[in-house]
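Trainee: Contents are CSV, C-alpha atoms; file name entry31.csv:
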```csv
chain,number,residue,atom,x,y,z
E,1,MET,CA,38.3,41.1,125.8
E,2,THR,CA,38.3,43.1,122.6
E,3,ILE,CA,37.6,46.8,123.0
E,4,THR,CA,36.9,49.1,120.1
E,5,PRO,CA,38.4,52.6,120.4
E,6,GLY,CA,35.9,55.4,120.8
E,7,THR,CA,33.0,53.2,122.1
E,8,ALA,CA,31.3,53.5,125.4
E,9,ALA,CA,32.7,50.1,126.4
E,10,ASP,CA,36.2,51.5,126.7
E,11,GLU,CA,35.1,54.0,129.3
E,12,HIS,CA,34.0,51.7,132.1
E,13,ALA,CA,34.8,48.1,131.3
E,14,PRO,CA,37.7,46.1,132.9
E,15,GLU,CA,40.6,46.2,130.5
E,16,ALA,CA,43.4,43.8,129.9
E,17,LEU,CA,45.6,45.8,127.5
E,18,ARG,CA,49.4,45.3,127.4
E,19,ASP,CA,52.3,47.0,125.6
E,20,ALA,CA,56.1,46.8,125.9
E,21,LEU,CA,56.0,48.5,129.3
E,22,GLY,CA,53.5,46.0,130.7
E,23,LEU,CA,49.8,45.9,131.7
E,24,LEU,CA,48.0,49.1,131.3
E,25,LYS,CA,46.1,50.5,134.3
E,26,ASP,CA,42.4,50.9,134.2
E,27,ARG,CA,41.6,54.3,132.6
E,28,GLU,CA,38.9,55.2,135.2
E,29,GLN,CA,41.1,54.3,138.1
E,30,VAL,CA,44.0,56.4,136.8
E,31,ALA,CA,41.6,59.4,136.3
E,32,GLU,CA,40.2,58.9,139.8
E,33,ARG,CA,43.6,59.1,141.4
E,34,LEU,CA,44.5,62.2,139.3
E,35,LEU,CA,41.3,63.9,140.3
E,36,SER,CA,42.1,63.2,144.0
E,37,SER,CA,45.5,64.7,143.5
E,38,SER,CA,44.1,67.7,141.8
E,39,ARG,CA,41.8,68.3,144.8
E,40,LYS,CA,44.8,68.3,147.2
E,41,HIS,CA,47.5,69.9,145.1
E,42,SER,CA,46.1,72.7,142.8
E,43,PHE,CA,47.0,76.3,143.1
E,44,ASP,CA,45.6,79.7,142.2
E,45,PRO,CA,48.6,81.7,141.0
E,46,ASP,CA,46.8,85.0,141.5
E,47,THR,CA,46.7,84.4,145.3
E,48,GLU,CA,49.6,81.9,145.7
E,49,LEU,CA,52.3,84.2,144.3
E,50,ASP,CA,53.3,87.7,145.4
E,51,TRP,CA,52.9,89.6,142.2
E,52,ASP,CA,53.4,93.0,143.9
E,53,ALA,CA,56.9,92.2,145.2
E,54,PRO,CA,59.6,94.0,143.3
E,55,LEU,CA,62.0,92.0,141.1
E,56,GLU,CA,65.4,91.4,142.8
E,57,GLU,CA,68.5,93.1,141.4
E,58,GLY,CA,71.1,90.7,140.1
E,59,LYS,CA,68.9,87.6,140.0
E,60,TRP,CA,68.5,85.4,137.0
E,61,PHE,CA,65.2,84.7,135.3
E,62,TRP,CA,66.4,81.3,134.0
E,63,PRO,CA,69.3,79.2,135.2
E,64,PRO,CA,72.4,80.5,133.2
E,65,GLU,CA,73.3,76.9,132.2
E,66,LEU,CA,69.9,76.7,130.4
E,67,VAL,CA,70.3,80.0,128.5
E,68,SER,CA,70.8,79.2,124.9
E,69,LEU,CA,74.1,81.0,124.4
E,70,TYR,CA,75.7,79.6,127.6
E,71,GLY,CA,79.3,78.5,127.1
E,72,THR,CA,79.6,80.0,123.5
E,73,PRO,CA,82.3,82.5,122.4
E,74,MET,CA,79.5,85.1,122.3
E,75,TRP,CA,78.5,84.3,125.9
E,76,LYS,CA,82.1,84.8,127.1
E,77,ARG,CA,82.2,88.2,125.5
E,78,MET,CA,78.9,89.3,127.1
E,79,SER,CA,78.8,91.4,130.3
E,80,GLU,CA,77.1,89.9,133.3
E,81,GLU,CA,74.3,92.5,132.9
E,82,GLN,CA,73.7,91.4,129.3
E,83,ARG,CA,73.7,87.8,130.3
E,84,LEU,CA,71.1,88.5,133.0
E,85,ASP,CA,69.0,90.4,130.5
E,86,LEU,CA,69.2,87.6,128.0
E,87,SER,CA,67.9,85.2,130.7
E,88,ARG,CA,65.0,87.7,131.2
E,89,HIS,CA,64.1,87.7,127.5
E,90,GLU,CA,64.5,83.9,127.1
E,91,ALA,CA,62.2,83.3,130.1
E,92,ALA,CA,59.6,85.5,128.4
E,93,SER,CA,60.1,83.6,125.2
E,94,LEU,CA,59.6,80.3,126.9
E,95,ALA,CA,56.5,81.6,128.8
E,96,SER,CA,55.1,82.7,125.4
E,97,LEU,CA,55.9,79.3,123.9
E,98,GLY,CA,54.2,77.7,126.9
E,99,ILE,CA,51.0,79.7,126.3
E,100,TRP,CA,51.0,78.7,122.7
E,101,PHE,CA,51.4,75.0,123.5
E,102,GLU,CA,48.7,75.1,126.2
E,103,ILE,CA,46.2,76.7,123.9
E,104,ILE,CA,46.9,73.9,121.4
E,105,LEU,CA,46.7,71.3,124.2
E,106,MET,CA,43.3,72.6,125.4
E,107,GLN,CA,41.9,72.3,121.9
E,108,LEU,CA,43.3,68.7,121.6
E,109,LEU,CA,41.8,67.7,124.9
E,110,VAL,CA,38.4,69.0,124.0
E,111,ARG,CA,38.5,67.0,120.7
E,112,HIS,CA,39.6,63.9,122.7
E,113,ILE,CA,36.6,64.0,125.0
E,114,TYR,CA,34.0,65.0,122.5
E,115,ASP,CA,32.8,61.5,121.9
E,116,LYS,CA,33.6,60.1,125.3
E,117,SER,CA,31.2,59.4,128.2
E,118,LEU,CA,30.5,62.8,129.8
E,119,THR,CA,30.1,61.3,133.3
E,120,SER,CA,33.4,59.3,133.2
E,121,ASN,CA,36.3,60.1,135.5
E,122,HIS,CA,38.4,60.2,132.3
E,123,VAL,CA,36.4,63.1,130.9
E,124,ARG,CA,36.2,64.8,134.3
E,125,TYR,CA,40.0,64.8,134.6
E,126,ALA,CA,40.4,66.1,131.1
E,127,LEU,CA,38.2,69.1,132.0
E,128,THR,CA,40.2,69.5,135.3
E,129,GLU,CA,43.4,69.6,133.2
E,130,ILE,CA,41.9,72.3,130.9
E,131,GLU,CA,41.2,74.3,134.1
E,132,ASP,CA,44.8,73.9,135.1
E,133,GLU,CA,46.0,75.0,131.6
E,134,CYS,CA,43.8,78.1,131.7
E,135,ARG,CA,45.4,79.1,135.0
E,136,HIS,CA,48.9,78.3,133.7
E,137,SER,CA,48.4,80.4,130.5
E,138,LYS,CA,47.2,83.4,132.6
E,139,MET,CA,50.1,82.9,135.0
E,140,PHE,CA,52.7,82.9,132.2
E,141,ALA,CA,51.1,86.0,130.6
E,142,ARG,CA,51.3,87.8,133.9
E,143,LEU,CA,54.9,86.7,134.4
E,144,ILE,CA,55.8,88.1,131.0
E,145,GLY,CA,54.2,91.4,131.9
E,146,LYS,CA,56.0,91.5,135.3
E,147,SER,CA,59.4,90.8,133.6
E,148,GLY,CA,59.1,93.9,131.4
E,149,ALA,CA,60.1,91.8,128.3
E,150,PRO,CA,57.8,91.5,125.3
E,151,ALA,CA,55.6,88.5,124.5
E,152,TYR,CA,57.3,86.4,121.8
E,153,ARG,CA,55.0,84.8,119.4
E,154,VAL,CA,56.1,81.9,117.2
E,155,SER,CA,56.6,82.6,113.5
E,156,ARG,CA,53.6,82.8,111.3
E,157,LEU,CA,54.7,79.7,109.5
E,158,HIS,CA,54.9,77.6,112.7
E,159,HIS,CA,51.7,79.2,114.0
E,160,ASN,CA,49.9,77.9,110.9
E,161,LEU,CA,51.7,74.6,110.9
E,162,ALA,CA,50.4,74.0,114.4
E,163,ARG,CA,46.9,75.0,113.2
E,164,LEU,CA,47.2,72.3,110.5
E,165,LEU,CA,48.7,69.8,113.0
E,166,LYS,CA,46.0,70.1,115.6
E,167,THR,CA,43.3,69.8,112.8
E,168,VAL,CA,44.6,66.6,111.3
E,169,SER,CA,46.2,65.1,114.4
E,170,THR,CA,45.3,61.5,115.4
E,171,THR,CA,44.4,60.9,119.0
E,172,PRO,CA,47.8,59.3,119.8
E,173,GLY,CA,49.4,62.1,117.8
E,174,SER,CA,47.7,64.6,120.0
E,175,PHE,CA,49.0,63.0,123.2
E,176,THR,CA,52.5,62.7,121.8
E,177,ALA,CA,52.5,66.4,121.0
E,178,THR,CA,51.1,67.1,124.5
E,179,LEU,CA,54.1,65.3,126.0
E,180,LEU,CA,56.5,67.1,123.8
E,181,GLY,CA,55.2,70.4,125.0
E,182,GLU,CA,55.2,69.4,128.6
E,183,GLU,CA,58.2,67.2,129.4
E,184,ILE,CA,61.2,69.2,128.1
E,185,LEU,CA,60.0,72.4,129.8
E,186,ASP,CA,59.2,70.4,132.9
E,187,TRP,CA,62.8,69.1,133.1
E,188,MET,CA,64.1,72.7,132.9
E,189,GLN,CA,61.6,74.0,135.4
E,190,ARG,CA,62.6,71.2,137.9
E,191,LEU,CA,66.1,72.7,137.8
E,192,THR,CA,64.7,76.3,138.1
E,193,PHE,CA,62.4,76.4,141.1
E,194,PRO,CA,64.9,75.1,143.7
E,195,ASP,CA,67.7,77.5,142.4
E,196,GLU,CA,68.3,80.4,144.7
E,197,ARG,CA,70.0,82.4,142.0
E,198,ILE,CA,66.6,82.8,140.2
E,199,GLN,CA,64.0,85.5,140.7
E,200,PRO,CA,61.6,84.4,143.5
E,201,LEU,CA,58.6,85.0,141.3
E,202,VAL,CA,60.0,82.8,138.5
E,203,ARG,CA,60.7,80.1,141.1
E,204,GLY,CA,57.1,80.3,142.3
E,205,VAL,CA,55.7,80.1,138.8
E,206,THR,CA,57.8,77.1,137.9
E,207,ARG,CA,57.0,75.3,141.2
E,208,ILE,CA,53.3,75.5,140.5
E,209,HIS,CA,53.7,74.4,137.0
E,210,VAL,CA,55.9,71.4,137.9
E,211,VAL,CA,53.4,70.2,140.6
E,212,GLU,CA,50.4,70.4,138.3
E,213,GLU,CA,52.1,69.2,135.1
E,214,ALA,CA,53.1,66.0,136.8
E,215,ARG,CA,49.5,64.9,136.7
E,216,HIS,CA,49.1,66.0,133.1
E,217,VAL,CA,52.1,64.0,132.0
E,218,ARG,CA,50.7,60.9,133.8
E,219,TYR,CA,47.4,61.3,132.1
E,220,ALA,CA,48.9,61.8,128.6
E,221,ARG,CA,51.4,58.9,129.0
E,222,GLU,CA,48.7,56.4,130.1
E,223,GLU,CA,46.3,57.4,127.3
E,224,LEU,CA,49.1,57.4,124.7
E,225,ARG,CA,50.0,53.9,125.6
E,226,ARG,CA,46.4,52.8,125.3
E,227,GLN,CA,45.9,54.5,122.0
E,228,MET,CA,49.1,53.0,120.5
E,229,VAL,CA,47.9,49.5,121.5
E,230,GLN,CA,44.4,50.0,120.1
E,231,CYS,CA,44.9,52.2,117.0
E,232,PRO,CA,45.1,50.8,113.4
E,233,ARG,CA,48.5,50.5,111.7
E,234,TRP,CA,48.0,53.6,109.5
E,235,GLU,CA,47.2,55.8,112.5
E,236,ALA,CA,50.3,54.6,114.4
E,237,GLU,CA,52.4,55.4,111.3
E,238,LEU,CA,50.9,58.8,110.9
E,239,THR,CA,51.5,59.5,114.6
E,240,ARG,CA,55.2,58.6,114.2
E,241,ILE,CA,55.5,61.1,111.4
E,242,SER,CA,53.4,63.9,112.9
E,243,SER,CA,55.3,63.6,116.2
E,244,GLY,CA,58.6,63.9,114.4
E,245,GLU,CA,57.4,67.0,112.6
E,246,ALA,CA,56.1,68.4,115.9
E,247,ALA,CA,59.5,67.9,117.4
E,248,ARG,CA,61.1,69.7,114.5
E,249,VAL,CA,58.8,72.7,114.9
E,250,PHE,CA,59.2,72.7,118.7
E,251,SER,CA,63.0,72.9,118.5
E,252,LEU,CA,62.9,75.7,116.0
E,253,SER,CA,60.4,77.6,118.0
E,254,PHE,CA,62.0,77.0,121.4
E,255,ILE,CA,63.7,80.4,121.6
E,256,ASN,CA,62.5,83.3,119.5
E,257,PRO,CA,65.5,84.8,117.7
E,258,GLU,CA,64.4,88.3,118.4
E,259,VAL,CA,65.6,87.8,122.0
E,260,TYR,CA,69.1,88.3,120.7
E,261,THR,CA,68.3,91.5,118.9
E,262,ASN,CA,66.5,92.8,122.0
E,263,VAL,CA,69.6,92.5,124.2
E,264,GLY,CA,71.9,94.1,121.6
E,265,LEU,CA,73.4,91.0,120.0
E,266,ASP,CA,73.8,90.1,116.3
E,267,LYS,CA,70.9,87.7,115.7
E,268,ARG,CA,72.6,85.7,112.9
E,269,GLU,CA,75.8,85.2,114.8
E,270,ALA,CA,73.9,84.2,117.9
E,271,LEU,CA,71.8,81.6,116.0
E,272,ALA,CA,74.9,80.2,114.4
E,273,GLN,CA,76.7,79.8,117.8
E,274,VAL,CA,73.6,78.2,119.4
E,275,LYS,CA,73.4,75.8,116.5
E,276,ALA,CA,77.1,74.9,116.9
E,277,SER,CA,77.0,74.6,120.7
E,278,GLY,CA,77.7,71.2,122.1
E,279,HIS,CA,76.4,72.3,125.5
E,280,ARG,CA,73.1,73.5,124.0
E,281,ARG,CA,72.7,70.2,122.1
E,282,GLU,CA,73.3,68.3,125.3
E,283,VAL,CA,70.8,70.4,127.3
E,284,MET,CA,68.1,69.8,124.7
E,285,GLN,CA,68.7,66.1,124.3
E,286,THR,CA,69.0,65.6,128.1
E,287,GLY,CA,65.7,67.5,128.6
E,288,ALA,CA,64.0,65.3,126.0
E,289,ARG,CA,65.6,62.0,126.9
E,290,ARG,CA,62.9,60.8,129.4
E,291,LEU,CA,60.3,61.4,126.7
E,292,THR,CA,62.3,60.0,123.7
E,293,ASP,CA,63.1,56.8,125.7
E,294,PHE,CA,59.4,56.4,126.5
E,295,LEU,CA,58.3,57.0,122.9
E,296,ASP,CA,60.9,54.5,121.7
E,297,GLU,CA,59.6,51.9,124.1
E,298,ILE,CA,56.0,52.2,123.0
E,299,GLY,CA,56.8,52.1,119.3
E,300,ILE,CA,56.7,55.7,118.1
E,301,MET,CA,60.4,56.3,117.3
E,302,ARG,CA,60.5,54.4,114.0
E,303,GLY,CA,61.2,55.1,110.3
E,304,VAL,CA,60.6,58.6,109.0
E,305,GLY,CA,59.4,59.8,112.4
E,306,ARG,CA,62.6,58.9,114.1
E,307,ARG,CA,64.6,60.7,111.4
E,308,LEU,CA,62.6,63.8,112.0
E,309,TRP,CA,63.3,63.6,115.7
E,310,VAL,CA,67.0,63.3,115.0
E,311,SER,CA,66.8,66.3,112.6
E,312,SER,CA,65.1,68.3,115.4
E,313,GLY,CA,68.2,68.0,117.5
E,314,LEU,CA,66.2,66.5,120.4
E,315,LEU,CA,67.4,62.9,119.7
E,316,ALA,CA,71.0,61.8,119.2
E,317,GLU,CA,71.7,59.7,116.1
```
So that I can check it, write out the structure of this file as structure tokens.
Mentor:
Amino acid sequence: MTITPGTAADEHAPEALRDALGLLKDREQVAERLLSSSRKHSFDPDTELDWDAPLEEGKWFWPPELVSLYGTPMWKRMSEEQRLDLSRHEAASLASLGIWFEIILMQLLVRHIYDKSLTSNHVRYALTEIEDECRHSKMFARLIGKSGAPAYRVSRLHHNLARLLKTVSTTPGSFTATLLGEEILDWMQRLTFPDERIQPLVRGVTRIHVVEEARHVRYAREELRRQMVQCPRWEAELTRISSGEAARVFSLSFINPEVYTNVGLDKREALAQVKASGHRREVMQTGARRLTDFLDEIGIMRGVGRRLWVSSGLLAE
């Protein structure tokens, strides 16, 4: 059966689409399972977490091994108090980045469903995911306030690049960007919430985010596979390039450089040491590997796009 992207037929009809990973699952059945999971495993952070409990002395806000300067000469010169403080600021920077990404994601999801069947499970789940992302953004904002660190906005350049990207993004490009924003942070958070060295509030925030983001990743992966099978060649090529550029912007925005200034470090020296750190490069590439392997399998890691991914530092040459 031939299905034209964007028509009512692709909402409800049986599908027999296949890619390098095998037969794609029916879109409506996937959405139905995700909706069922959402009903059973969704959280209200305002009531689920103890926001009034004081922060615990001597606890990290982020696993030290995931702090950007870990293992560098500068890290070795820092006091334990300064290291803990850097973890606090980096956690706030990552929470700020998360809010930025989720606002972009919500806009991309609304664009995706605009022409879809409004009564389909696929659209209902997209709206459910938007509800999740609203709660996550509020949760991250509240965590930043509780930490006492400032909110760290991305640079004006990257803010406006993202404005352009989400305006011109293809549908598969939108889902690739979604996975980029979700999967690397998800890998880090899976290391964070079981870690008893970490502030209990941070562990609670990351636990909620991991549980709910697992559904979002499944939705985005399934839809991205479908889009790459169905889209025209020009759209696939544009997706490869835009995803590589998104990876480059993401890696540059990952930690706001002002965190170093705010804990009393020389920003230029800190940035140079992070850039030269083999440990940091391994952390970022390990965090991205599940995603980059998947994108490679479905045909996104090719040509100029692949070179942009390598330049981002998220993919080994």
Trainee: Let me make sure I understand: among E:Thr292, E:Ser38, E:Ser137, E:Ser68, which one has the smallest atom-to-atom distance to Ala270 of chain E if we use only C-alpha atoms?
Mentor: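 Of the candidates, the smallest distance to Ala270 of chain E is held by E:Ser68.
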Trainee: Counting all atoms listed in the file, which residue out of E:Ile208, E:Ala276, E:Leu69, E:Ala220 sits closest to Leu291 of chain E?
Mentor: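 So, comparing all the options, the nearest one is E:Ala220.
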Trainee: From the set E:Cys134, E:Trp309, E:Ile198, E:Gly287, which residue has the shortest atom-to-atom contact distance to Glu245 of chain E, counting all atoms listed in the file?
Mentor: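 The shortest atom-to-atom distance to Glu245 of chain E comes from E:Trp309.
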Trainee: What is the atom CA of Val259 of chain E-atom CA of Ser311 of chain E distance in Å, reported with one decimal?
Mentor: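 Straight-line distance from atom CA of Val259 of chain E to atom CA of Ser311 of chain E works out to 23.5 Å.
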Trainee: List as JSON lines every residue of segment 19-79 of chain E that is in contact with segment 296-303 of chain E, defined as an atom at most 8 Å from one of its atoms (using all atoms listed in the file), together with the nearest atom pair and the distance in Å rounded to one decimal, sorted by chain and then rising number.
Mentor:
```
{"residue": "E:Asp19", "atom": "CA", "partner": "E:Ile298", "partner_atom": "CA", "distance": 6.9}
{"residue": "E:Ala20", "atom": "CA", "partner": "E:Ile298", "partner_atom": "CA", "distance": 6.1}
{"residue": "E:Leu21", "atom": "CA", "partner": "E:Glu297", "partner_atom": "CA", "distance": 7.2}
```
Trainee: Between atom CA of Val210 of chain E and atom CA of Asp186 of chain E, measure the distance and give it in Å to one decimal.
Mentor: 6.1 Å
Trainee: Do you know which residues are at most 7 Å from segment 82-89 of chain E counting all atoms listed in the file, after dropping those on the same chain fewer than 5 positions away, and could you put them as a PyMOL selection string?
Mentor: chain E and resi 60-62+64+67+147+149+259+263
Trainee: Leaving out Arg111 of chain E and any residue of its chain fewer than 4 positions from it, which residues lie within 10 Å of it when counting all atoms listed in the file, given as a tab-separated table (two decimals) with C-alpha atoms, in the coordinates of the input?
Mentor:
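Generated file (selection_2.tsv):
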```
chain	number	residue	atom	x	y	z
E	105	LEU	CA	46.70	71.30	124.20
E	106	MET	CA	43.30	72.60	125.40
E	107	GLN	CA	41.90	72.30	121.90
E	115	ASP	CA	32.80	61.50	121.90
E	116	LYS	CA	33.60	60.10	125.30
E	166	LYS	CA	46.00	70.10	115.60
E	167	THR	CA	43.30	69.80	112.80
E	171	THR	CA	44.40	60.90	119.00
E	174	SER	CA	47.70	64.60	120.00
```
Trainee: Please compute the atom CA of Pro45 of chain E-atom CA of Gln29 of chain E distance, one decimal, in Å.
Mentor: 28.6 Å
Trainee: My list of candidates is E:Leu238, E:Arg207, E:Ile184, E:Glu317. Which is closest to Arg290 of chain E when distances are computed with all atoms listed in the file?
Mentor: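 Using all atoms listed in the file, the shortest distance to Arg290 of chain E belongs to E:Ile184.
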Trainee: Which of these residues is nearest to Ala31 of chain E, using all atoms listed in the file: E:Arg240, E:His279, E:Arg124, E:Lys59?
Mentor: E:Arg124
Trainee: Looking at E:Glu183, E:Asp26, E:Asp195, E:Glu237, which one is nearest to Phe294 of chain E, with distances taken over only C-alpha atoms?
Mentor: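 For Phe294 of chain E, the nearest of the candidates is E:Glu183.
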Trainee: For Leu224 of chain E, please output as a short mmCIF file (atom, residue, chain, number, x, y, z; two decimals) with C-alpha atoms, keeping the file's coordinate frame all residues within 8 Å (counting only C-alpha atoms; exclusion window: fewer than 6 positions along the same chain).
Mentor:
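Writing the result to result.cif gives the following:
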```
data_model
loop_
_atom_site.label_atom_id
_atom_site.label_comp_id
_atom_site.auth_asym_id
_atom_site.auth_seq_id
_atom_site.Cartn_x
_atom_site.Cartn_y
_atom_site.Cartn_z
CA PRO E 172 47.80 59.30 119.80
CA PHE E 175 49.00 63.00 123.20
CA THR E 176 52.50 62.70 121.80
#
```
Trainee: Residues within 8 Å of Ile144 of chain E, please, as a list of chain:residue names. Count only C-alpha atoms; anything in the same chain fewer than 4 positions from it doesn't count.
Mentor: E:Ala92, E:Ala95, E:Ser96, E:Phe140, E:Gly148, E:Ala149, E:Pro150, E:Ala151
Trainee: Which residues come within 12 Å of Ala126 of chain E, counting all atoms listed in the file, excluding same-chain residues fewer than 6 positions away, as a ChimeraX atom specification?
Mentor: /E:27-28,30-32,34-35,38,105-114,116-120,132-133,215-220,223
